[in-house]
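One file, protein-v4.cif, carrying mmCIF, C-alpha atoms and all ligand atoms:
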```cif
data_work
#
loop_
_atom_site.group_PDB
_atom_site.id
_atom_site.type_symbol
_atom_site.label_atom_id
_atom_site.label_comp_id
_atom_site.auth_asym_id
_atom_site.auth_seq_id
_atom_site.Cartn_x
_atom_site.Cartn_y
_atom_site.Cartn_z
ATOM 1 C CA MET A 965 98.935 127.561 -21.027
ATOM 2 C CA LEU A 966 101.494 128.311 -18.383
ATOM 3 C CA TYR A 967 102.338 131.590 -16.871
ATOM 4 C CA TYR A 968 105.865 132.313 -15.903
ATOM 5 C CA ILE A 969 107.038 134.151 -12.854
ATOM 6 C CA ASN A 970 110.627 135.213 -12.622
ATOM 7 C CA ILE A 971 111.500 135.740 -8.999
ATOM 8 C CA ALA A 972 114.684 137.441 -7.911
ATOM 9 C CA ALA A 973 116.057 138.651 -4.654
ATOM 10 C CA THR A 974 115.789 142.328 -3.899
ATOM 11 C CA GLU A 975 117.950 144.184 -1.429
ATOM 12 C CA LYS A 976 115.577 143.278 1.393
ATOM 13 C CA GLY A 977 115.316 139.675 0.223
ATOM 14 C CA THR A 978 111.786 140.195 -1.053
ATOM 15 C CA ALA A 979 110.751 138.067 -4.002
ATOM 16 C CA VAL A 980 109.304 139.991 -6.923
ATOM 17 C CA ALA A 981 107.519 138.726 -10.013
ATOM 18 C CA ARG A 982 108.734 139.749 -13.457
ATOM 19 C CA SER A 983 108.226 139.073 -17.127
ATOM 20 C CA PRO A 984 105.074 136.958 -17.464
ATOM 21 C CA THR A 985 105.318 134.705 -20.519
ATOM 22 C CA THR A 986 103.305 131.719 -21.714
ATOM 23 C CA MET A 987 104.085 128.136 -22.634
ATOM 24 C CA SER A 988 102.184 125.106 -23.860
ATOM 25 C CA ALA A 989 100.378 123.317 -20.990
ATOM 26 C CA HIS A 990 100.346 119.688 -22.002
ATOM 27 C CA THR A 991 104.052 119.296 -22.591
ATOM 28 C CA GLN A 992 104.989 121.113 -19.407
ATOM 29 C CA PRO A 993 105.045 120.157 -15.738
ATOM 30 C CA LEU A 994 102.435 121.414 -13.288
ATOM 31 C CA ILE A 995 105.142 123.280 -11.397
ATOM 32 C CA ARG A 996 108.764 123.922 -12.182
ATOM 33 C CA ALA A 997 111.099 125.427 -9.583
ATOM 34 C CA THR A 998 114.485 126.611 -10.782
ATOM 35 C CA ASP A 999 117.372 127.486 -8.495
ATOM 36 C CA LEU A 1000 115.038 128.151 -5.573
ATOM 37 C CA HIS A 1001 116.459 129.606 -2.365
ATOM 38 C CA VAL A 1002 114.584 130.270 0.893
ATOM 39 C CA ARG A 1003 116.115 131.956 3.914
ATOM 40 C CA ILE A 1004 114.241 132.303 7.198
ATOM 41 C CA GLY A 1005 115.621 134.460 9.978
ATOM 42 C CA GLY A 1006 119.017 134.558 8.315
ATOM 43 C CA ASN A 1007 119.208 130.762 7.969
ATOM 44 C CA ALA A 1008 119.386 129.046 4.608
ATOM 45 C CA ILE A 1009 116.473 126.591 4.697
ATOM 46 C CA LEU A 1010 116.368 125.725 0.984
ATOM 47 C CA GLU A 1011 119.233 126.155 -1.449
ATOM 48 C CA GLN A 1012 119.527 125.638 -5.183
ATOM 49 C CA ILE A 1013 116.327 123.622 -5.489
ATOM 50 C CA ASN A 1014 115.511 122.465 -9.000
ATOM 51 C CA PHE A 1015 112.258 120.565 -9.059
ATOM 52 C CA THR A 1016 109.356 119.653 -11.324
ATOM 53 C CA ILE A 1017 106.211 117.593 -10.989
ATOM 54 C CA SER A 1018 104.114 116.434 -13.924
ATOM 55 C CA PRO A 1019 100.432 115.481 -14.249
ATOM 56 C CA GLY A 1020 99.791 111.943 -12.996
ATOM 57 C CA GLU A 1021 103.112 111.671 -11.208
ATOM 58 C CA ILE A 1022 103.448 110.691 -7.524
ATOM 59 C CA VAL A 1023 106.530 112.337 -6.034
ATOM 60 C CA THR A 1024 107.548 111.878 -2.415
ATOM 61 C CA VAL A 1025 109.911 114.173 -0.542
ATOM 62 C CA VAL A 1026 111.931 112.490 2.198
ATOM 63 C CA GLY A 1027 114.517 114.003 4.512
ATOM 64 C CA PRO A 1028 115.470 114.360 8.170
ATOM 65 C CA ASN A 1029 113.490 116.530 10.600
ATOM 66 C CA GLY A 1030 114.075 120.191 9.858
ATOM 67 C CA SER A 1031 115.516 119.533 6.400
ATOM 68 C CA GLY A 1032 113.034 121.884 4.722
ATOM 69 C CA LYS A 1033 110.343 119.529 3.394
ATOM 70 C CA SER A 1034 107.327 121.540 4.580
ATOM 71 C CA THR A 1035 109.082 124.742 3.567
ATOM 72 C CA LEU A 1036 109.498 123.353 0.052
ATOM 73 C CA LEU A 1037 105.764 122.636 -0.212
ATOM 74 C CA ARG A 1038 104.899 126.079 1.111
ATOM 75 C CA ALA A 1039 107.321 127.683 -1.335
ATOM 76 C CA LEU A 1040 105.784 125.800 -4.253
ATOM 77 C CA ILE A 1041 102.295 126.816 -3.163
ATOM 78 C CA GLY A 1042 103.442 130.415 -2.962
ATOM 79 C CA SER A 1043 102.745 130.928 0.732
ATOM 80 C CA ILE A 1044 106.341 131.650 1.646
ATOM 81 C CA GLU A 1045 108.693 134.355 0.472
ATOM 82 C CA LEU A 1046 111.526 133.232 -1.790
ATOM 83 C CA SER A 1047 115.009 134.666 -1.442
ATOM 84 C CA ALA A 1048 115.806 133.841 -5.042
ATOM 85 C CA GLY A 1049 114.773 131.517 -7.810
ATOM 86 C CA GLN A 1050 112.092 131.044 -10.385
ATOM 87 C CA ILE A 1051 108.757 129.268 -10.231
ATOM 88 C CA GLU A 1052 106.586 128.395 -13.201
ATOM 89 C CA ARG A 1053 103.071 127.167 -12.543
ATOM 90 C CA GLN A 1054 100.535 125.842 -15.020
ATOM 91 C CA SER A 1055 97.956 128.594 -15.435
ATOM 92 C CA ASP A 1056 94.990 126.420 -14.459
ATOM 93 C CA LEU A 1057 96.858 124.872 -11.542
ATOM 94 C CA ARG A 1058 94.488 123.921 -8.724
ATOM 95 C CA ILE A 1059 96.305 122.745 -5.607
ATOM 96 C CA GLY A 1060 94.628 120.623 -2.952
ATOM 97 C CA TYR A 1061 96.732 120.887 0.197
ATOM 98 C CA VAL A 1062 96.629 118.627 3.255
ATOM 99 C CA PRO A 1063 98.653 120.367 5.973
ATOM 100 C CA GLN A 1064 100.958 118.636 8.417
ATOM 101 C CA ARG A 1065 98.867 119.699 11.393
ATOM 102 C CA LEU A 1066 95.341 120.891 11.932
ATOM 103 C CA HIS A 1067 93.944 121.217 15.410
ATOM 104 C CA ILE A 1068 90.203 121.313 15.793
ATOM 105 C CA ASP A 1069 88.758 122.030 19.211
ATOM 106 C CA PRO A 1070 87.054 118.731 20.161
ATOM 107 C CA THR A 1071 84.281 120.625 21.957
ATOM 108 C CA LEU A 1072 83.171 122.262 18.689
ATOM 109 C CA PRO A 1073 79.962 120.703 17.318
ATOM 110 C CA LEU A 1074 81.469 120.331 13.854
ATOM 111 C CA THR A 1075 80.410 117.496 11.583
ATOM 112 C CA VAL A 1076 82.499 116.335 8.613
ATOM 113 C CA ARG A 1077 79.961 117.933 6.259
ATOM 114 C CA ARG A 1078 80.183 121.300 8.004
ATOM 115 C CA PHE A 1079 83.972 121.056 8.077
ATOM 116 C CA LEU A 1080 83.996 120.517 4.318
ATOM 117 C CA ASN A 1081 81.795 123.587 3.899
ATOM 118 C CA LEU A 1082 84.462 125.787 5.492
ATOM 119 C CA PRO A 1083 85.572 128.314 4.412
ATOM 120 C CA LYS A 1084 83.171 128.156 1.459
ATOM 121 C CA ARG A 1085 80.023 126.163 0.862
ATOM 122 C CA HIS A 1086 79.936 123.326 -1.637
ATOM 123 C CA ARG A 1087 77.076 121.436 -3.233
ATOM 124 C CA ALA A 1088 76.007 118.291 -1.375
ATOM 125 C CA SER A 1089 76.901 116.200 -4.434
ATOM 126 C CA GLU A 1090 80.440 117.650 -4.503
ATOM 127 C CA ILE A 1091 80.898 116.881 -0.817
ATOM 128 C CA GLN A 1092 79.656 113.336 -1.257
ATOM 129 C CA LYS A 1093 82.008 112.772 -4.216
ATOM 130 C CA ALA A 1094 85.003 114.090 -2.274
ATOM 131 C CA LEU A 1095 84.144 111.865 0.693
ATOM 132 C CA GLU A 1096 83.852 108.853 -1.616
ATOM 133 C CA ARG A 1097 87.224 109.613 -3.209
ATOM 134 C CA ALA A 1098 88.788 109.973 0.228
ATOM 135 C CA GLY A 1099 87.250 106.671 1.347
ATOM 136 C CA ILE A 1100 84.897 107.968 4.081
ATOM 137 C CA ALA A 1101 81.610 108.190 2.193
ATOM 138 C CA SER A 1102 79.541 107.100 5.189
ATOM 139 C CA HIS A 1103 81.057 109.639 7.606
ATOM 140 C CA ARG A 1104 79.413 112.800 6.322
ATOM 141 C CA ASP A 1105 77.380 113.470 9.470
ATOM 142 C CA VAL A 1106 79.904 112.200 12.003
ATOM 143 C CA PRO A 1107 81.416 114.843 14.333
ATOM 144 C CA MET A 1108 85.045 115.628 13.477
ATOM 145 C CA ALA A 1109 85.924 114.879 17.106
ATOM 146 C CA GLY A 1110 84.515 111.368 16.646
ATOM 147 C CA LEU A 1111 86.839 110.403 13.788
ATOM 148 C CA SER A 1112 89.805 108.097 14.243
ATOM 149 C CA GLY A 1113 93.261 109.372 13.240
ATOM 150 C CA GLY A 1114 93.010 107.740 9.821
ATOM 151 C CA GLN A 1115 89.462 108.977 9.258
ATOM 152 C CA PHE A 1116 90.512 112.482 10.257
ATOM 153 C CA GLN A 1117 93.316 112.446 7.670
ATOM 154 C CA ARG A 1118 90.813 111.275 5.067
ATOM 155 C CA ALA A 1119 88.469 114.121 6.008
ATOM 156 C CA LEU A 1120 91.357 116.544 5.416
ATOM 157 C CA MET A 1121 92.001 114.850 2.098
ATOM 158 C CA ALA A 1122 88.309 115.101 1.153
ATOM 159 C CA ARG A 1123 88.480 118.830 1.788
ATOM 160 C CA ALA A 1124 91.583 119.093 -0.388
ATOM 161 C CA LEU A 1125 89.745 117.252 -3.180
ATOM 162 C CA LEU A 1126 86.684 119.516 -3.249
ATOM 163 C CA ASP A 1127 87.993 121.851 -5.935
ATOM 164 C CA GLN A 1128 89.099 119.055 -8.280
ATOM 165 C CA PRO A 1129 92.831 119.681 -7.824
ATOM 166 C CA ASN A 1130 95.252 118.824 -10.573
ATOM 167 C CA LEU A 1131 97.997 118.820 -7.935
ATOM 168 C CA LEU A 1132 97.459 117.228 -4.524
ATOM 169 C CA MET A 1133 99.999 118.099 -1.825
ATOM 170 C CA LEU A 1134 100.142 115.992 1.327
ATOM 171 C CA ASP A 1135 102.413 117.036 4.167
ATOM 172 C CA GLU A 1136 102.980 113.959 6.330
ATOM 173 C CA ALA A 1137 99.331 113.095 5.917
ATOM 174 C CA SER A 1138 99.761 109.572 7.255
ATOM 175 C CA GLN A 1139 101.399 110.565 10.536
ATOM 176 C CA GLY A 1140 100.023 108.679 13.495
ATOM 177 C CA LEU A 1141 98.593 105.872 11.380
ATOM 178 C CA ASP A 1142 99.626 102.286 12.002
ATOM 179 C CA GLN A 1143 101.227 100.247 9.222
ATOM 180 C CA THR A 1144 97.929 98.966 7.836
ATOM 181 C CA GLY A 1145 96.325 102.402 8.078
ATOM 182 C CA THR A 1146 99.302 103.954 6.306
ATOM 183 C CA ALA A 1147 99.222 101.386 3.511
ATOM 184 C CA ASP A 1148 95.445 101.895 3.096
ATOM 185 C CA PHE A 1149 95.933 105.647 3.023
ATOM 186 C CA TYR A 1150 98.530 105.521 0.252
ATOM 187 C CA ARG A 1151 96.405 103.056 -1.722
ATOM 188 C CA GLN A 1152 93.644 105.661 -1.547
ATOM 189 C CA VAL A 1153 96.084 108.331 -2.759
ATOM 190 C CA GLU A 1154 97.013 106.159 -5.725
ATOM 191 C CA GLU A 1155 93.339 105.605 -6.577
ATOM 192 C CA ILE A 1156 92.763 109.362 -6.437
ATOM 193 C CA ARG A 1157 95.693 109.917 -8.770
ATOM 194 C CA ASN A 1158 94.329 107.307 -11.160
ATOM 195 C CA ASP A 1159 90.820 108.762 -10.936
ATOM 196 C CA LEU A 1160 91.675 112.463 -11.276
ATOM 197 C CA GLY A 1161 94.946 112.179 -13.199
ATOM 198 C CA CYS A 1162 96.398 114.713 -10.785
ATOM 199 C CA GLY A 1163 100.001 115.019 -9.734
ATOM 200 C CA VAL A 1164 100.647 114.091 -6.096
ATOM 201 C CA LEU A 1165 103.438 115.636 -4.066
ATOM 202 C CA MET A 1166 103.815 114.210 -0.585
ATOM 203 C CA VAL A 1167 106.154 114.584 2.321
ATOM 204 C CA SER A 1168 106.596 111.339 4.188
ATOM 205 C CA HIS A 1169 108.680 109.645 6.846
ATOM 206 C CA ASP A 1170 107.172 106.260 5.942
ATOM 207 C CA LEU A 1171 110.151 105.165 3.929
ATOM 208 C CA HIS A 1172 108.876 101.652 3.296
ATOM 209 C CA VAL A 1173 105.583 102.906 1.906
ATOM 210 C CA VAL A 1174 107.358 105.549 -0.124
ATOM 211 C CA MET A 1175 109.326 102.813 -1.815
ATOM 212 C CA ARG A 1176 106.101 101.198 -2.954
ATOM 213 C CA ALA A 1177 103.888 104.174 -3.633
ATOM 214 C CA ALA A 1178 106.066 106.813 -5.305
ATOM 215 C CA ASP A 1179 107.041 107.162 -8.943
ATOM 216 C CA ARG A 1180 109.899 109.417 -7.882
ATOM 217 C CA VAL A 1181 111.578 110.189 -4.594
ATOM 218 C CA VAL A 1182 113.280 113.474 -3.788
ATOM 219 C CA CYS A 1183 115.790 113.241 -0.960
ATOM 220 C CA LEU A 1184 116.059 116.671 0.668
ATOM 221 C CA ASN A 1185 118.484 118.015 3.217
ATOM 222 C CA HIS A 1186 118.173 121.762 2.568
ATOM 223 C CA ARG A 1187 119.431 120.891 -0.905
ATOM 224 C CA ILE A 1188 118.309 118.037 -3.117
ATOM 225 C CA CYS A 1189 120.800 115.275 -2.315
ATOM 226 C CA CYS A 1190 119.444 112.954 -4.983
ATOM 227 C CA GLN A 1191 116.188 112.207 -6.755
ATOM 228 C CA GLY A 1192 114.842 109.573 -9.058
ATOM 229 C CA HIS A 1193 113.188 106.167 -9.096
ATOM 230 C CA PRO A 1194 112.697 104.964 -5.487
ATOM 231 C CA GLU A 1195 114.840 101.880 -5.954
ATOM 232 C CA ASP A 1196 117.721 103.944 -7.310
ATOM 233 C CA VAL A 1197 117.439 106.565 -4.588
ATOM 234 C CA SER A 1198 117.462 103.825 -1.933
ATOM 235 C CA ALA A 1199 120.832 102.728 -3.218
ATOM 236 C CA ASP A 1200 122.263 106.239 -3.401
ATOM 237 C CA PRO A 1201 125.125 106.845 -0.930
ATOM 238 C CA GLU A 1202 123.694 110.224 0.123
ATOM 239 C CA TYR A 1203 120.301 108.681 0.885
ATOM 240 C CA ARG A 1204 122.030 105.907 2.829
ATOM 241 C CA ALA A 1205 124.097 108.426 4.745
ATOM 242 C CA LEU A 1206 120.885 110.142 5.869
ATOM 243 C CA PHE A 1207 118.688 107.122 6.503
ATOM 244 C CA GLY A 1208 121.121 104.288 7.094
ATOM 245 C CA THR A 1209 121.425 101.100 5.122
ATOM 246 C CA ASP A 1210 118.810 99.065 6.977
ATOM 247 C CA ASP A 1211 116.269 99.245 4.193
ATOM 248 C CA GLU A 1212 116.579 95.791 2.682
ATOM 249 C CA GLU A 1213 112.958 95.140 3.590
ATOM 250 C CA ALA A 1214 111.928 98.264 1.722
ATOM 251 C CA LEU A 1215 113.855 97.127 -1.302
ATOM 252 C CA ALA A 1216 112.393 93.654 -1.014
ATOM 253 C CA ILE A 1217 108.787 94.848 -0.902
ATOM 254 C CA PHE A 1218 109.292 97.408 -3.609
ATOM 255 C CA ARG A 1219 107.388 96.609 -6.758
ATOM 256 C CA HIS A 1220 106.941 99.262 -9.390
ATOM 257 C CA ASP A 1221 103.787 98.554 -11.376
ATOM 258 C CA PRO A 1222 103.935 100.382 -14.668
ATOM 259 C CA HIS A 1223 101.243 103.047 -14.719
ATOM 260 C CA ASN A 1224 99.514 104.373 -17.717
ATOM 261 C CA HIS A 1225 100.728 107.934 -17.228
ATOM 262 C CA PRO A 1226 103.820 110.010 -17.827
ATOM 263 C CA HIS A 1227 106.669 109.557 -15.388
ATOM 264 C CA GLY A 1228 108.335 112.934 -15.683
ATOM 265 C CA GLU A 1229 111.897 112.722 -14.459
ATOM 266 C CA THR A 1230 111.862 109.132 -13.253
ATOM 267 C CA GLY A 1231 115.016 107.238 -13.902
ATOM 268 C CA HIS A 1232 118.354 107.202 -12.288
ATOM 269 C CA PRO A 1233 118.789 109.549 -9.404
ATOM 270 C CA GLN A 1234 119.952 112.949 -10.445
ATOM 271 C CA LYS A 1235 122.891 113.870 -8.362
ATOM 272 C CA ARG A 1236 122.841 117.459 -7.318
ATOM 273 C CA ALA A 1237 125.120 119.561 -9.406
ATOM 274 C CA GLN A 1238 125.854 121.962 -6.610
ATOM 275 C CA SER A 1239 128.361 121.336 -3.882
HETATM 276 N N1 LIG B 1301 108.223 130.388 10.103
HETATM 277 C C1 LIG B 1301 109.424 129.968 10.493
HETATM 278 N N2 LIG B 1301 110.179 130.687 11.334
HETATM 279 C C2 LIG B 1301 111.409 130.277 11.730
HETATM 280 N N3 LIG B 1301 111.962 129.119 11.330
HETATM 281 C C3 LIG B 1301 111.253 128.347 10.493
HETATM 282 C C4 LIG B 1301 109.951 128.723 10.029
HETATM 283 N N4 LIG B 1301 109.485 127.756 9.196
HETATM 284 C C5 LIG B 1301 110.457 126.819 9.150
HETATM 285 N N5 LIG B 1301 111.498 127.173 9.924
HETATM 286 C C6 LIG B 1301 112.733 126.410 10.124
HETATM 287 O O1 LIG B 1301 113.107 125.871 8.875
HETATM 288 C C7 LIG B 1301 113.643 124.563 9.059
HETATM 289 C C8 LIG B 1301 112.909 123.600 8.169
HETATM 290 O O2 LIG B 1301 111.575 123.464 8.628
HETATM 291 P P1 LIG B 1301 110.551 122.504 7.893
HETATM 292 O O3 LIG B 1301 109.279 122.524 8.689
HETATM 293 O O4 LIG B 1301 110.472 122.862 6.471
HETATM 294 O O5 LIG B 1301 111.287 121.104 8.048
HETATM 295 P P2 LIG B 1301 110.732 119.646 7.759
HETATM 296 O O6 LIG B 1301 111.757 118.952 6.935
HETATM 297 O O7 LIG B 1301 109.349 119.699 7.201
HETATM 298 O O8 LIG B 1301 110.744 119.047 9.232
HETATM 299 P P3 LIG B 1301 109.870 117.877 9.917
HETATM 300 O O9 LIG B 1301 110.267 116.586 9.258
HETATM 301 O O10 LIG B 1301 110.326 117.933 11.330
HETATM 302 O O11 LIG B 1301 108.434 118.210 9.744
HETATM 303 C C9 LIG B 1301 113.519 124.242 10.548
HETATM 304 O O12 LIG B 1301 114.769 124.484 11.155
HETATM 305 C C10 LIG B 1301 112.493 125.215 11.036
HETATM 306 O O13 LIG B 1301 112.709 125.572 12.368
#
```

Would you give me this structure, written as structure tokens?
Ligand SMILES: Nc1ncnc2c1ncn2[C@@H]1O[C@H](COP(=O)(O)OP(=O)(O)OP(=O)(O)O)[C@@H](O)[C@H]1O
Amino acid sequence: MLYYINIAATEKGTAVARSPTTMSAHTQPLIRATDLHVRIGGNAILEQINFTISPGEIVTVVGPNGSGKSTLLRALIGSIELSAGQIERQSDLRIGYVPQRLHIDPTLPLTVRRFLNLPKRHRASEIQKALERAGIASHRDVPMAGLSGGQFQRALMARALLDQPNLLMLDEASQGLDQTGTADFYRQVEEIRNDLGCGVLMVSHDLHVVMRAADRVVCLNHRICCQGHPEDVSADPEYRALFGTDDEEALAIFRHDPHNHPHGETGHPQKRAQS
């Protein structure tokens, strides 16, 4: 079942929840955002966002620096106040979130296992399973400070996987990785999706990898400029205006293997209706 939260702007711009209703879970997306607006400090950061993500779907959000990508994820999670709009979330939605940044004091004697037991303890078997899924099964007792950049990102992902999420959110999780490391990381993400059947929503600047790894791309610049199948979005004039036209390599390496899962809104890019 889904619960339904109707969020509207109050005089002070505070979002309030109204009118809970229910809907059938299996035919519905994990999250649906309708006409979402977020203002921060008087600035419009997100405007007229209409977005869904379905179980098993890998959706990547691309956009220039400061275009509102992280804000969109935080809004969908519910950690940021909406100015207006409506969010519906599946009632048993479990989000695993890998933040853009996490600084851990390198002098702390913190092993991967202890890190995964924060803030709450998990069974050893659960920790081992999460580490296996994240591809660092043998690193359980390694100090966090001793991990490479890629291993650190995988440790963050393992922590996000501990509660068996049905929606995994990754905010630039492959930053700092070289090309091979990035490709390996996204392969791991795809395996996790296949294994858990979860939806995956990621923010990425790795446009070439996005073209290979995503079922759907959302091009964001405070508003959704276009969204759809990666190959179609690559050809969209608004995407090209933001990212240039030098993406022939991305188009050349793009291969979309049909997956045995629903594709939600994949198809031709949906041009934004708003101006
Ligand atoms: N807590 C906040 N206080 C003030 N401004 C904020 C806050 N959070 C976000 N912003 C502003 O909102 C805009 C969008 O930020 P956001 O982090 O969502 O962008 P982004 O697309 O993820 O950027 P990047 O690609 O650089 O990570 C930026 O101008 C940022 O300064």

Quiz item: Given a cut-off of 9 Å, what residues near ligand LIG 1301 (chain B) show up using all atoms listed in the file, put as a VMD selection string?
Solution: chain A and resid 1003 to 1005 1007 to 1010 1026 to 1038 1044 1064 1135 to 1136 1167 to 1169 1184 to 1186

Practice problem: Would you translate the PyMOL selection byres (((chain A and resi 1165) around 12) and not hetatm) into the concrete set of residues it matches in this file, as a PyMOL selection string? | Solution: chain A and resi 994-995+1015-1026+1033-1034+1036-1038+1040-1041+1059-1062+1129-1137+1153-1154+1157+1162-1164+1166-1168+1174+1177-1182

Self-check item: Picked residues, the PyMOL selection byres (((chain A and resi 1106) around 6) and not hetatm), expected as a PyMOL selection string
Solution: chain A and resi 1075-1076+1103-1105+1107

Practice problem: Find the residues with any atom within 12 Å of (88.5, 121.9, 15.2); use all atoms listed in the file and the coordinates as given in the file, and write the answer as a ChimeraX atom specification. | Solution: /A:1065-1076,1078-1080,1082,1107-1111,1116,1120

Practice problem: For atom CA of A:Glu1045 and atom CA of A:His1001, determine how far apart the two atoms are, in Å to one decimal place. | Solution: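 Between atom CA of A:Glu1045 and atom CA of A:His1001 the gap works out to 9.5 Å.
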
Exercise. Please check which residues have atoms at most 12 Å from (82.3, 109.9, 0.5) in the file's coordinates, counting all atoms listed in the file, and write them as a PyMOL selection string.
Key: chain A and resi 1076-1077+1080+1088-1106+1115+1118-1119+1121-1123+1125-1126

Exercise. List, as a ChimeraX atom specification, every residue that the PyMOL selection byres (((chain A and resi 1189) around 12) and not hetatm) selects in the file provided.
Key: /A:1010-1014,1025-1028,1031,1181-1188,1190-1192,1197-1198,1200-1206,1233-1239

Practice problem: Have a look at atom CA of A:Gly1145 and atom CA of A:Asn1158 and let me know their distance in Å, one decimal. | Solution: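 Pair atom CA of A:Gly1145 / atom CA of A:Asn1158 returns 20.0 Å.
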
Quiz item: What does the distance between atom CA of A:Asp1142 and atom CA of A:Glu1155 come to in Å, to one decimal place?
Solution: 19.9 Å

As AutoDock Vina command-line options: centre and edge lengths in Å, one decimal, of the axis-aligned box holding stretch 1147-1150 of chain A with 5 Å per side:
```
--center_x 97.3 --center_y 103.5 --center_z 1.9 --size_x 13.8 --size_y 14.3 --size_z 13.3
```
